[in-house]
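For reference, upload.pdb (PDB, C-alpha atoms):
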ATOM      1  CA  MET A 135     -69.834 -34.307  55.972
ATOM      2  CA  ILE A 136     -71.104 -34.707  59.515
ATOM      3  CA  GLU A 137     -71.385 -31.566  61.608
ATOM      4  CA  PHE A 138     -71.583 -31.654  65.384
ATOM      5  CA  ASN A 139     -73.715 -29.126  67.221
ATOM      6  CA  PHE A 140     -72.702 -28.710  70.837
ATOM      7  CA  LEU A 141     -74.966 -26.986  73.346
ATOM      8  CA  ILE A 142     -71.896 -25.501  75.028
ATOM      9  CA  PRO A 143     -69.004 -24.490  72.733
ATOM     10  CA  ILE A 144     -66.237 -27.087  72.854
ATOM     11  CA  GLU A 145     -63.661 -24.405  73.732
ATOM     12  CA  ASP A 146     -65.637 -23.452  76.863
ATOM     13  CA  THR A 147     -65.958 -27.097  77.881
ATOM     14  CA  ILE A 148     -62.201 -27.657  77.567
ATOM     15  CA  PHE A 149     -61.564 -24.437  79.511
ATOM     16  CA  LEU A 150     -63.882 -25.433  82.366
ATOM     17  CA  PHE A 151     -62.436 -28.936  82.537
ATOM     18  CA  SER A 152     -58.826 -27.668  82.510
ATOM     19  CA  ALA A 153     -59.494 -24.961  85.089
ATOM     20  CA  ALA A 154     -61.170 -27.469  87.409
ATOM     21  CA  LEU A 155     -58.306 -29.952  86.931
ATOM     22  CA  LEU A 156     -55.762 -27.195  87.613
ATOM     23  CA  LEU A 157     -57.321 -25.988  90.860
ATOM     24  CA  ILE A 158     -58.264 -29.431  92.242
ATOM     25  CA  SER A 159     -54.786 -30.798  91.453
ATOM     26  CA  ALA A 160     -53.165 -27.767  93.144
ATOM     27  CA  VAL A 161     -55.194 -28.380  96.322
ATOM     28  CA  LEU A 162     -54.260 -32.090  96.213
ATOM     29  CA  VAL A 163     -50.549 -31.200  95.845
ATOM     30  CA  ILE A 164     -50.790 -29.324  99.147
ATOM     31  CA  GLU A 165     -53.078 -31.658 101.064
ATOM     32  CA  LEU A 166     -52.056 -35.213 100.039
ATOM     33  CA  ARG A 167     -49.780 -36.859 102.560
ATOM     34  CA  SER A 168     -47.776 -38.926 100.059
ATOM     35  CA  HIS A 169     -44.968 -37.024  98.286
ATOM     36  CA  VAL A 170     -45.237 -39.276  95.241
ATOM     37  CA  TYR A 171     -48.926 -38.569  94.690
ATOM     38  CA  ALA A 172     -48.314 -34.862  95.372
ATOM     39  CA  ALA A 173     -45.629 -34.809  92.638
ATOM     40  CA  PHE A 174     -47.986 -36.674  90.306
ATOM     41  CA  PHE A 175     -50.685 -34.051  90.832
ATOM     42  CA  LEU A 176     -48.086 -31.333  90.190
ATOM     43  CA  GLU A 177     -47.707 -32.943  86.760
ATOM     44  CA  MET A 178     -51.491 -32.594  86.364
ATOM     45  CA  VAL A 179     -51.153 -28.880  87.240
ATOM     46  CA  GLY A 180     -48.523 -28.473  84.496
ATOM     47  CA  LEU A 181     -50.662 -30.415  82.032
ATOM     48  CA  ALA A 182     -53.792 -28.343  82.709
ATOM     49  CA  ASN A 183     -51.698 -25.164  82.462
ATOM     50  CA  ALA A 184     -50.423 -26.282  79.031
ATOM     51  CA  VAL A 185     -54.027 -26.816  77.861
ATOM     52  CA  LEU A 186     -54.896 -23.281  79.024
ATOM     53  CA  PHE A 187     -51.874 -21.923  77.083
ATOM     54  CA  ALA A 188     -53.027 -23.757  73.953
ATOM     55  CA  LEU A 189     -56.554 -22.369  74.384
ATOM     56  CA  GLN A 190     -55.090 -18.859  74.228
ATOM     57  CA  GLY A 191     -53.492 -19.661  70.889
ATOM     58  CA  LEU A 192     -49.941 -20.224  72.158
ATOM     59  CA  ALA A 193     -49.484 -23.785  70.944
ATOM     60  CA  LEU A 194     -45.677 -23.619  70.784
ATOM     61  CA  ILE A 195     -45.422 -22.509  74.415
ATOM     62  CA  ALA A 196     -47.909 -25.232  75.405
ATOM     63  CA  ILE A 197     -45.670 -27.852  73.743
ATOM     64  CA  PHE A 198     -42.568 -26.379  75.416
ATOM     65  CA  GLN A 199     -44.364 -26.505  78.779
ATOM     66  CA  LEU A 200     -45.335 -30.139  78.191
ATOM     67  CA  VAL A 201     -41.905 -31.268  77.028
ATOM     68  CA  VAL A 202     -39.636 -29.303  79.370
ATOM     69  CA  TYR A 203     -41.756 -28.664  82.456
ATOM     70  CA  VAL A 204     -44.077 -31.678  82.688
ATOM     71  CA  GLY A 205     -41.850 -34.107  80.820
ATOM     72  CA  ALA A 206     -38.529 -33.263  82.433
ATOM     73  CA  THR A 207     -38.741 -30.998  85.482
ATOM     74  CA  VAL A 208     -41.705 -32.467  87.331
ATOM     75  CA  THR A 209     -40.707 -36.017  86.389
ATOM     76  CA  PHE A 210     -37.298 -35.193  87.927
ATOM     77  CA  ILE A 211     -39.087 -34.161  91.145
ATOM     78  CA  LEU A 212     -41.263 -37.290  91.021
ATOM     79  CA  PHE A 213     -38.285 -39.629  90.819
ATOM     80  CA  SER A 214     -36.306 -37.624  93.385
ATOM     81  CA  VAL A 215     -39.025 -37.810  96.046
ATOM     82  CA  LEU A 216     -38.862 -41.603  95.831
ATOM     83  CA  MET A 217     -35.547 -41.285  97.709
ATOM     84  CA  PHE A 218     -37.211 -39.737 100.776
ATOM     85  CA  LYS A 219     -39.172 -41.459 103.506
ATOM     86  CA  GLU A 220     -42.751 -40.286 103.775
ATOM     87  CA  ALA A 221     -42.966 -37.226 105.989
ATOM     88  CA  LYS A 222     -44.139 -37.451 109.555
ATOM     89  CA  PRO A 223     -47.426 -35.553 109.850
ATOM     90  CA  VAL A 224     -46.793 -32.194 111.508
ATOM     91  CA  LYS A 225     -49.741 -30.233 112.789
ATOM     92  CA  PRO A 226     -49.578 -26.689 111.367
ATOM     93  CA  ARG A 227     -49.625 -24.014 114.020
ATOM     94  CA  PHE A 228     -51.784 -21.377 112.364
ATOM     95  CA  LYS A 229     -53.706 -23.258 109.671
ATOM     96  CA  LEU A 230     -56.680 -20.854 109.665
ATOM     97  CA  LEU A 231     -54.367 -17.828 109.584
ATOM     98  CA  ASP A 232     -52.372 -19.357 106.688
ATOM     99  CA  LEU A 233     -55.636 -20.049 104.855
ATOM    100  CA  LEU A 234     -56.805 -16.463 105.398
ATOM    101  CA  ILE A 235     -53.472 -15.035 104.170
ATOM    102  CA  GLY A 236     -53.634 -17.242 101.036
ATOM    103  CA  ALA A 237     -57.248 -16.247 100.332
ATOM    104  CA  GLY A 238     -56.485 -12.567 100.973
ATOM    105  CA  ILE A 239     -53.545 -12.562  98.551
ATOM    106  CA  ALA A 240     -55.654 -14.381  95.920
ATOM    107  CA  GLY A 241     -58.435 -11.783  96.343
ATOM    108  CA  LEU A 242     -56.015  -8.859  96.074
ATOM    109  CA  LEU A 243     -54.446 -10.330  92.937
ATOM    110  CA  ALA A 244     -57.864 -10.918  91.359
ATOM    111  CA  VAL A 245     -58.895  -7.286  92.007
ATOM    112  CA  GLY A 246     -55.508  -6.021  90.732
ATOM    113  CA  ALA A 247     -55.711  -8.184  87.614
ATOM    114  CA  PHE A 248     -59.228  -6.937  86.935
ATOM    115  CA  SER A 249     -58.167  -3.303  87.181
ATOM    116  CA  ILE A 250     -55.177  -3.908  84.864
ATOM    117  CA  TYR A 251     -57.415  -5.799  82.462
ATOM    118  CA  LYS A 252     -59.848  -2.872  82.384
ATOM    119  CA  VAL A 253     -57.246  -0.228  81.528
ATOM    120  CA  SER A 254     -54.728  -2.065  79.342
ATOM    121  CA  PRO A 255     -54.822  -1.115  75.673
ATOM    122  CA  THR A 256     -55.470  -3.943  73.239
ATOM    123  CA  ALA A 257     -56.981  -2.437  70.139
ATOM    124  CA  GLY A 258     -54.796  -1.880  67.142
ATOM    125  CA  LYS A 259     -52.204  -4.498  68.014
ATOM    126  CA  PRO A 260     -51.354  -6.730  65.091
ATOM    127  CA  SER A 261     -51.947 -10.434  65.500
ATOM    128  CA  LEU A 262     -48.777 -12.370  66.173
ATOM    129  CA  ASP A 263     -48.853 -14.723  63.220
ATOM    130  CA  VAL A 264     -45.122 -14.573  62.498
ATOM    131  CA  THR A 265     -43.240 -17.807  62.471
ATOM    132  CA  LEU A 266     -42.109 -17.802  66.070
ATOM    133  CA  PRO A 267     -39.335 -20.432  65.880
ATOM    134  CA  GLU A 268     -37.691 -18.536  63.015
ATOM    135  CA  LYS A 269     -37.853 -15.294  64.984
ATOM    136  CA  ILE A 270     -36.384 -16.950  68.090
ATOM    137  CA  VAL A 271     -33.406 -18.358  66.180
ATOM    138  CA  SER A 272     -32.737 -15.213  64.164
ATOM    139  CA  GLU A 273     -33.243 -12.480  66.785
ATOM    140  CA  TYR A 274     -33.044 -14.144  70.188
ATOM    141  CA  GLY A 275     -30.148 -16.558  69.764
ATOM    142  CA  LEU A 276     -28.528 -15.554  73.062
ATOM    143  CA  ALA A 277     -31.761 -16.102  75.032
ATOM    144  CA  LEU A 278     -32.165 -19.500  73.381
ATOM    145  CA  PHE A 279     -28.554 -20.368  74.277
ATOM    146  CA  LEU A 280     -29.251 -19.361  77.912
ATOM    147  CA  VAL A 281     -32.291 -21.646  78.049
ATOM    148  CA  PHE A 282     -30.261 -24.570  76.677
ATOM    149  CA  PHE A 283     -27.434 -23.802  79.110
ATOM    150  CA  THR A 284     -29.750 -23.751  82.147
ATOM    151  CA  LEU A 285     -31.311 -27.030  81.029
ATOM    152  CA  LEU A 286     -27.807 -28.482  80.690
ATOM    153  CA  THR A 287     -27.038 -27.493  84.286
ATOM    154  CA  THR A 288     -30.111 -29.475  85.380
ATOM    155  CA  LEU A 289     -28.747 -32.521  83.567
ATOM    156  CA  ILE A 290     -25.388 -32.107  85.326
ATOM    157  CA  GLU A 291     -27.149 -31.786  88.703
ATOM    158  CA  ALA A 292     -29.098 -34.965  88.033
ATOM    159  CA  LEU A 293     -25.848 -36.774  87.176
ATOM    160  CA  VAL A 294     -24.184 -35.512  90.372
ATOM    161  CA  LEU A 295     -27.185 -36.672  92.432
ATOM    162  CA  ALA A 296     -27.152 -40.091  90.820
ATOM    163  CA  ARG A 297     -23.406 -40.541  91.485
ATOM    164  CA  ARG A 298     -22.621 -43.061  94.153
ATOM    165  CA  GLU A 299     -21.139 -41.598  97.316
ATOM    166  CA  VAL A 300     -17.685 -42.906  98.221
ATOM    167  CA  SER A 301     -17.035 -42.837 101.952
ATOM    168  CA  SER A 302     -13.625 -41.461 102.851
TER     169      SER A 302
ATOM    170  CA  MET B  78     -63.606 -16.696  72.861
ATOM    171  CA  ILE B  79     -62.985 -16.989  76.568
ATOM    172  CA  ASN B  80     -62.744 -13.777  78.581
ATOM    173  CA  PRO B  81     -59.024 -13.179  79.375
ATOM    174  CA  TYR B  82     -59.967 -12.068  82.881
ATOM    175  CA  LEU B  83     -61.006 -15.645  83.697
ATOM    176  CA  TYR B  84     -57.418 -16.808  83.128
ATOM    177  CA  LEU B  85     -56.165 -14.114  85.503
ATOM    178  CA  LEU B  86     -58.803 -15.095  88.060
ATOM    179  CA  ILE B  87     -57.670 -18.738  87.917
ATOM    180  CA  SER B  88     -54.059 -17.580  88.197
ATOM    181  CA  SER B  89     -54.936 -15.540  91.325
ATOM    182  CA  VAL B  90     -56.698 -18.475  92.997
ATOM    183  CA  LEU B  91     -53.747 -20.738  92.132
ATOM    184  CA  PHE B  92     -51.352 -18.190  93.670
ATOM    185  CA  GLY B  93     -53.429 -18.160  96.859
ATOM    186  CA  ILE B  94     -53.265 -21.976  97.042
ATOM    187  CA  GLY B  95     -49.481 -21.817  96.598
ATOM    188  CA  VAL B  96     -49.075 -19.190  99.332
ATOM    189  CA  TYR B  97     -51.166 -21.301 101.703
ATOM    190  CA  GLY B  98     -48.984 -24.336 100.905
ATOM    191  CA  ILE B  99     -45.735 -22.470 101.588
ATOM    192  CA  LEU B 100     -47.012 -20.996 104.853
ATOM    193  CA  SER B 101     -48.577 -24.139 106.250
ATOM    194  CA  LYS B 102     -45.968 -26.810 105.424
ATOM    195  CA  ARG B 103     -42.619 -27.440 107.102
ATOM    196  CA  ASN B 104     -41.398 -30.210 104.833
ATOM    197  CA  MET B 105     -38.835 -28.970 102.270
ATOM    198  CA  ILE B 106     -40.181 -31.071  99.398
ATOM    199  CA  ARG B 107     -43.742 -29.950 100.084
ATOM    200  CA  MET B 108     -42.567 -26.324 100.140
ATOM    201  CA  LEU B 109     -40.806 -26.895  96.793
ATOM    202  CA  LEU B 110     -44.043 -28.294  95.319
ATOM    203  CA  SER B 111     -45.949 -25.257  96.656
ATOM    204  CA  ALA B 112     -43.353 -22.952  95.085
ATOM    205  CA  GLU B 113     -43.916 -24.774  91.787
ATOM    206  CA  ILE B 114     -47.638 -23.992  92.087
ATOM    207  CA  LEU B 115     -46.711 -20.322  92.556
ATOM    208  CA  PHE B 116     -44.505 -20.571  89.455
ATOM    209  CA  ASN B 117     -47.348 -22.103  87.423
ATOM    210  CA  SER B 118     -49.669 -19.341  88.564
ATOM    211  CA  ALA B 119     -47.193 -16.620  87.549
ATOM    212  CA  LEU B 120     -46.619 -18.356  84.203
ATOM    213  CA  LEU B 121     -50.360 -18.486  83.513
ATOM    214  CA  ALA B 122     -50.683 -14.748  84.262
ATOM    215  CA  LEU B 123     -47.685 -13.965  82.030
ATOM    216  CA  VAL B 124     -49.073 -16.049  79.172
ATOM    217  CA  SER B 125     -52.522 -14.438  79.568
ATOM    218  CA  PHE B 126     -51.074 -10.931  79.392
ATOM    219  CA  THR B 127     -48.855 -11.936  76.460
ATOM    220  CA  SER B 128     -51.784 -13.403  74.588
ATOM    221  CA  TYR B 129     -53.979 -10.423  75.461
ATOM    222  CA  THR B 130     -51.545  -7.693  74.428
ATOM    223  CA  LYS B 131     -49.981  -9.747  71.587
ATOM    224  CA  ASN B 132     -46.540  -8.677  72.752
ATOM    225  CA  VAL B 133     -43.771 -10.787  71.241
ATOM    226  CA  TYR B 134     -41.341 -10.228  74.154
ATOM    227  CA  GLY B 135     -43.700 -12.084  76.461
ATOM    228  CA  TYR B 136     -43.166 -15.270  74.448
ATOM    229  CA  PHE B 137     -39.425 -15.181  75.030
ATOM    230  CA  LEU B 138     -39.921 -14.403  78.706
ATOM    231  CA  VAL B 139     -42.083 -17.518  79.016
ATOM    232  CA  PHE B 140     -39.422 -19.653  77.303
ATOM    233  CA  LEU B 141     -36.728 -18.264  79.605
ATOM    234  CA  ALA B 142     -38.913 -18.680  82.692
ATOM    235  CA  VAL B 143     -39.629 -22.360  82.008
ATOM    236  CA  GLY B 144     -35.945 -23.085  81.290
ATOM    237  CA  ILE B 145     -34.721 -21.313  84.423
ATOM    238  CA  ALA B 146     -37.431 -22.974  86.557
ATOM    239  CA  ALA B 147     -36.095 -26.354  85.417
ATOM    240  CA  ALA B 148     -32.614 -25.433  86.655
ATOM    241  CA  GLU B 149     -33.993 -24.033  89.932
ATOM    242  CA  VAL B 150     -35.835 -27.279  90.637
ATOM    243  CA  GLY B 151     -32.591 -29.211  90.125
ATOM    244  CA  VAL B 152     -30.774 -27.024  92.677
ATOM    245  CA  LEU B 153     -33.553 -27.274  95.280
ATOM    246  CA  VAL B 154     -33.915 -31.047  94.958
ATOM    247  CA  SER B 155     -30.113 -31.387  95.295
ATOM    248  CA  LEU B 156     -30.235 -29.300  98.490
ATOM    249  CA  ALA B 157     -33.093 -31.406  99.874
ATOM    250  CA  ILE B 158     -31.235 -34.655  99.141
ATOM    251  CA  LEU B 159     -28.027 -33.354 100.744
ATOM    252  CA  LEU B 160     -29.989 -32.239 103.816
ATOM    253  CA  TYR B 161     -31.699 -35.624 104.019
ATOM    254  CA  ARG B 162     -28.356 -37.453 103.802
ATOM    255  CA  ARG B 163     -26.897 -35.329 106.598
ATOM    256  CA  ARG B 164     -29.837 -35.114 108.989
ATOM    257  CA  GLY B 165     -32.275 -37.880 108.054
ATOM    258  CA  ASP B 166     -35.233 -35.517 107.646
ATOM    259  CA  ILE B 167     -36.113 -32.395 105.678
ATOM    260  CA  ASP B 168     -37.998 -30.331 108.227
ATOM    261  CA  VAL B 169     -37.107 -26.706 107.460
ATOM    262  CA  MET B 170     -37.543 -25.687 111.114
ATOM    263  CA  GLU B 171     -34.577 -27.901 111.963
ATOM    264  CA  VAL B 172     -32.301 -26.452 109.265
ATOM    265  CA  ASP B 173     -31.209 -23.492 111.395
ATOM    266  CA  LYS B 174     -29.478 -25.963 113.722
ATOM    267  CA  LEU B 175     -26.889 -26.509 110.942
ATOM    268  CA  LYS B 176     -25.538 -23.014 111.658
ATOM    269  CA  GLY B 177     -21.933 -23.065 112.882
TER     270      GLY B 177
END

Written as structure tokens, how would this file's structure read?
Amino acid sequence: MIEFNFLIPIEDTIFLFSAALLLISAVLVIELRSHVYAAFFLEMVGLANAVLFALQGLALIAIFQLVVYVGATVTFILFSVLMFKEAKPVKPRFKLLDLLIGAGIAGLLAVGAFSIYKVSPTAGKPSLDVTLPEKIVSEYGLALFLVFFTLLTTLIEALVLARREVSS
Amino acid sequence: MINPYLYLLISSVLFGIGVYGILSKRNMIRMLLSAEILFNSALLALVSFTSYTKNVYGYFLVFLAVGIAAAEVGVLVSLAILLYRRRGDIDVMEVDKLKG
């Protein structure tokens, strides 16, 4: 049997790649002029997020994110923005101020997250190796029904949007 | 094993990018996309805390959040399309002129 020896652990490599993809795609969503490309890079954000979920051991949530969020929601946005003309470029009034506010909020959150991370108890918790789908169906049927119902409303909205307008 | 704090750090940076997008753009679709970045950031933080504390309720919250976000996107895109049909553009600074 062949064994591969990586200089950097493969998990770290995937993490670095996904984190870089996530942040670069997020910046491109904001800065690209074309709505279509911006929506495409939002899909990349969702995809990279799903990889980060899977890296934390939450494979089921990663699949749900891929199927429902990337596969349905963002694709819905992507096809909807095709209906709009490309936006006229508008010069932002306080770009530097907006940038400073964004950076300040990110810094505050990072400090807050670090302090929570330092004090939150983790030891002694049992590993969650229960069969999650079984638990969802048996104990959280109502929550599951709500999720299905909200997804159904999205389908109805898409149908209403696609309906041809009749002029009166 | 990757340090859980790194996930929270990425989530914070992503939130900052989303806030900048919402503040600096006037186009409704671009603001919706920025709000989706904020949602992804919050979801990443929620998943990190859930994974870190091994709390089962967090899993269900994530499922609910993704489902409800899908519905919210449908409503916002419908509003944007209606606005575009009525006015011909989706500049949010012009929306207040729709007031009676």

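Distances to Ala188 of chain A were evaluated for A:Ala240, A:Leu200, A:Leu230, A:Leu278 using only C-alpha atoms, and the minimum falls at A:Leu200.
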
Picked residues, the PyMOL selection byres ((chain B and resi 88) around 9), expected as a count of residues only
20

Resolved residues for the PyMOL selection byres ((chain B and resi 107) around 12) as a VMD selection string
(chain A and resid 160 162 to 173 176 211 to 212 215 218 220 to 221 223) or (chain B and resid 95 97 to 106 108 to 114 153 to 154 157 167 to 169)

For atom CA of Gly165 of chain B and atom CA of Leu293 of chain A, quote the distance in Å rounded to one decimal.
21.9 Å

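For the pair atom CA of Ala184 of chain A and atom CA of Ile158 of chain B, the interatomic distance is 29.0 Å.
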
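The space separating atom CA of Gly180 of chain A from atom CA of Leu234 of chain A comes to 25.5 Å.
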